[in-house]
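Q: I'd like to ask some things about the structure below.
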Amino acid sequence: MPLFRKATTGPRRFQQPVADDNAPARSTTRRGAILLGAQFLVAGALAWRMRQLQIVETEHYRLLAEENRINIRLIAPARAEIFDRNGVPLAVNRQNYRIVMVREQAGDPEEMLDRLARIIDIPDHEMRRILKEFRTKPAFVPVPIADFLDWESFAAVNANAPALPGVLPEVGLSRHYPHGPQTAHVVGYVGRVTERDLENPDDQDPILQVPEFQIGKDGIERAAERELRGSAGTRRIEVNAVGRVIREIDRVEGAGGKDLQLTLDLGLQRYCHERLGSESAAVVVMDATNGDLLALASNPTFEPNLFVQGISQSDYAALIQNDHRPLHNKWASGMYPPGSTFKMVVALAALEAGIMGPGDTVFCNGGYQLGNRRFHCWRRGGHGHVDMRESLEQSCDVYYYDVARRVGIDRIAAMANRLGLGVEHDLPLPSIKSGLIPTRDWKRAAKKQGWQAGDTLNTGIGQGFVLTTPLQLAIMTSRIATGRIIAPRLVRTRDGVPIPEQEAPPLGLSEAQLRVVRDGMHSVVNSRRGTAWRSRIVDDAALIAGKTGTSQVRNITAAERARGVFRNEDLPWARRDHALFTAYAPSDRPKYAIAVVVEHGGGGSAAAAPVARDILMHALYGPEPPLTAYPADQRPERPTAEPPADAPATGTSRMPT
């Protein structure tokens with residue numbers, strides 16, 4: 001056979017390739033390589049991520065896991081305590097049994113509250129308050145449920161704790177004021193943190209989020225809040241999956257605040273309130289030598305412990321509706337026309353300017369004519385010729401109309417400021433008012449009017465636009481008594497460390513000028529013609545120098561003068577004049593300065609001076625002044641009640657030696 005066949009004629013066709021037996025193996029190998037490579041990539045990515053999680057980010061995730069198991073809670077520090085000058089506690093801490101609830105641990109808060117209400121009493125208004133706080137606060141923040149529980153109720157909640165998840169019985173500290181109303185306007189009180197407190201940009205301390213944390217709301221509790229509060233501690237606790245506390249891991253106690261010792265003398269403070277009785281009044285007693293405030297009484301007062309526990313609406317309404325304003329701090333922010341107690345200011349301004357001398361006289365015929373207006377003296381028939389000492393002794397208004405017009409408002413205002421009037425004094429208390437000493441510029445700005453001569457005459461007798469506080473009147477008196485710029489002081493020691501007394505610079509008035517005014521004040525009390533003669537002390541070692549004042553709260557019309565001015569006692573209480581008296585004692589060695597204002601009390605000689613005399617006796621002699629110190633016709637019967645435990649020993653004299 002031939003090895004080759006002859007090709008057939010016709011068109012040429014393409015021949016199919018012959019299959020290769022090795023081709024499928026090669027294709028399978030390529031796909032496997034791709035899959036294997038993908039597996040390696042995935043495995044490498046997983047390995048890289050595991051490395052990130054276990055090595056690079058291990059601390060981050062360890063902390064996250066720890067946070068799910070460990071809770072950090074703040075520990076409220078113990079609030080610092082407040083004492084009087086003799087170490088008597090005025091504000092202390094006592095145990096408070098309370099219940100709080102954490103919403104995220106409690107499940108259904110309403111159901112849990114229903115369970116809890118079967119154990120302790122929860123009033124309807126408290127239920128509403130609690131549910132509102134649950135809606136507004138984060139789920140992890142404890143919400144206070146009940147406060148100031150008795151031991152039986154607190155023990156019952158503890159016994160049922162396994163059936164009350166999220167309900168936490170706690171033993172905390174709450175503020176208590178042992179002497180309550182007697183120190184309420186000085187010490188103040190604390191209360192719950194409010195939404196307004198939390199929004200205060202100047203105080204963003206996390207401790208404010210602690211349930212039932214209390215902060216100062218008034219008095220020195222408010223003014224010294226930061227140093228009394230201290231700083232929070234922390235505790236780390238282990239919890240299980242449902243938030244129940246397993247154990248406490250560690251605890252770091254906070255730093256307590258700084259205890260404050262005030263200059264206040266509780267025994268004298270208590271006596272001031274007792275002596276004022278039911279009057280709406282204020283008393284300031286200060287050490288005239290160094291400015292220590294020994295008694296600061298605003299009457300009537302209130303019970304501060306009610307505010308700590310959350311005052312009821314009925315109790316608060318009773319305080320607000322009382323026309324004697326028990327919540328108003330009269331000695332610090334009560335502003336009153338000083339009346340005739342301002343006459344010492346005018347007298348010193350005239351002496352310093354050389355406009356009046358001690359022997360120069362003014363004739364008083366009962367009134368002073370300025371244009372077509374007549375300014376009246378309190379004594380309708382007049383005082384006749386009076387010099388400066390006599391003008392103070394008898395409180396002649398005409399004398400001071402004439403002198404004020406000659407001296408001018410500029411000199412009067414400058415002297416008033418130098419004596420401490422119209423000035424906001426630096427004390428750790430809220431609502432310290434500066435009063436008002438009017439000037440030409442003030443009237444132009446406030447009244448859009450120019451200053452008139454009649455304004456000067458009214459200012460000369462402490463009326464018109466003049467306003468002062470009892471605190472300022474006491475400061476003015478101490479400066480006149482000593483001739484130095486005495487500044488008030490309320491805090492004696494801080495955390496046991498004495499606060500140095502500030503040296504008082506000279507007032508800048510000569511001893512001769514001051515002696516004229518002091519002699520006049522001495523005659524006010526110790527001369528038979530003096531307006532406070534009946535309120536004197538007859539012990540030569542404890543004589544009083546002072547000045548009475550009566551400030552009008554209404555205008556007396558010409559028609560009323562024509563038919564006879566109504567007596568104060570015939571008028572409604574709110575239309576009666578204010579009674580004032582300011583004094584120092586002993587007159588030859590000033591130790592105590594006092595200012596008394598009795599709202600709508602009538603005349604200063606009748607209503608304020610006797611109060612001041614009795615308080616000064618208590619300051620000078622102790623709780624039982626000798627009967628021989630009283631005028632013979634005024635000697636009281638000795639009380640049979642025992643004196644308070646913290647009062648000085650019977651018969652102990654506190655007079656300077």
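To be explicit about the labels: the chains of the structure tokens are called A, B, and onward in the order shown, and within each one the residues are counted from 1, while ligands get numbers from 1 in the order they are shown.
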DSSP on the backbone, helix (DSSP H, G or I) only: what residues of segment 384-607 of chain A does that give? Format it as an MDAnalysis selection string.

A: chainID A and resid 388:394 397:407 409:418 440:446 453:460 470:482 511:526 533:535 540:542 558:563 568:570 573:575 604:607

Q: Env of segment 578-585 of chain A: 7 Å cut, atoms = only C-alpha atoms, seq-sep filter 6 positions within chain, self excluded. Answer as a ChimeraX atom specification.

A: /A:341,473-474,477,481,542-552,591-604,607-609

Q: As a PyMOL selection string, please: the residues near segment 181-188 of chain A (cut-off 7 Å, only C-alpha atoms, same-chain neighbours under 5 positions excluded).

A: chain A and resi 218-221+269-270+273+298+301-304+329

Q: Return the single residue from A:Asp259, A:Asp570, A:Asp614, A:Asp426 that is closest to Leu90 of chain A, with distances computed using only C-alpha atoms.

A: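 Between A:Asp259, A:Asp570, A:Asp614, A:Asp426, the residue approaching Leu90 of chain A most closely is A:Asp259.
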
Q: Using only C-alpha atoms for the distances, tell me which of A:Ile99, A:Ile237, A:Leu507, A:Met127 is nearest to Met476 of chain A.

A: A:Leu507

Q: Quick one: everything within 9 Å of Val171 of chain A, counting only C-alpha atoms, minus sequence neighbours fewer than 4 positions away in the same chain. Send it as a PDB file with C-alpha atoms, in the first residue's frame.

A:
ATOM      1  CA  GLN A  95     -26.901  59.430 109.518  1.00  0.00           C
ATOM      2  CA  ASN A  96     -29.603  59.303 106.887  1.00  0.00           C
ATOM      3  CA  TYR A  97     -31.264  56.017 105.861  1.00  0.00           C
ATOM      4  CA  ARG A  98     -32.389  56.293 102.252  1.00  0.00           C
ATOM      5  CA  ILE A  99     -33.405  54.245  99.185  1.00  0.00           C
TER       6      ILE A  99
END

Q: Please list as a PyMOL selection string every residue within 10 Å of segment 205-210 of chain A, counting only C-alpha atoms and excluding residues in the same chain fewer than 5 positions away.

A: chain A and resi 73-77+137+141-144+192-194+197-198+215+229+231-233

Q: Give the strand (DSSP E) residues of segment 256-371 of chain A, as assigned by DSSP on the backbone, as number ranges by chain.

A: A: 260-262, 281-287, 293-299, 362-364, 367-370

Q: Output C-alpha atoms of each residue in that selection to a file, as a short mmCIF file (atom, residue, chain, number, x, y, z; two decimals), in the first residue's frame.

A:
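Contents of out-v6.cif, as written:
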data_model
loop_
_atom_site.label_atom_id
_atom_site.label_comp_id
_atom_site.auth_asym_id
_atom_site.auth_seq_id
_atom_site.Cartn_x
_atom_site.Cartn_y
_atom_site.Cartn_z
CA LEU A 260 -15.57 76.81 109.81
CA GLN A 261 -15.65 78.49 113.18
CA LEU A 262 -17.69 81.67 113.10
CA ALA A 281 -36.88 93.30 113.57
CA ALA A 282 -33.13 92.97 113.12
CA VAL A 283 -30.19 93.19 115.52
CA VAL A 284 -26.46 93.34 114.79
CA VAL A 285 -23.93 93.15 117.63
CA MET A 286 -20.25 93.44 116.79
CA ASP A 287 -16.97 93.71 118.60
CA LEU A 293 -19.88 89.84 114.37
CA LEU A 294 -21.18 88.43 117.65
CA ALA A 295 -24.92 88.33 116.97
CA LEU A 296 -26.90 88.65 113.75
CA ALA A 297 -30.60 88.28 114.39
CA SER A 298 -33.41 88.62 111.85
CA ASN A 299 -36.85 88.16 113.38
CA VAL A 362 -29.02 126.95 115.21
CA PHE A 363 -32.41 128.27 116.34
CA CYS A 364 -35.24 125.75 116.03
CA GLY A 367 -39.71 124.17 111.17
CA TYR A 368 -37.34 125.22 108.40
CA GLN A 369 -38.55 127.26 105.43
CA LEU A 370 -37.12 126.52 101.98
#

Q: Pick out the closest residue to Met415 of chain A from this set: A:Leu348, A:Leu457, A:Leu327, A:Ile34. Count only C-alpha atoms.

A: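 Ranked by minimum distance to Met415 of chain A, first place goes to A:Leu348.
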
Q: As an exercise, work out the distance from atom CA of Trp151 of chain A to atom CA of Gly256 of chain A in Å and give it to one decimal place.

A: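 These two atoms are separated by 26.5 Å.
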
Q: What is the atom CA of Leu467 of chain A-atom CA of Gly422 of chain A distance in Å, reported with one decimal?

A: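 About the pair atom CA of Leu467 of chain A and atom CA of Gly422 of chain A: they are 7.8 Å apart.
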
Q: Between atom CA of Val190 of chain A and atom CA of Asn305 of chain A, measure the distance and give it in Å to one decimal.

A: 8.7 Å
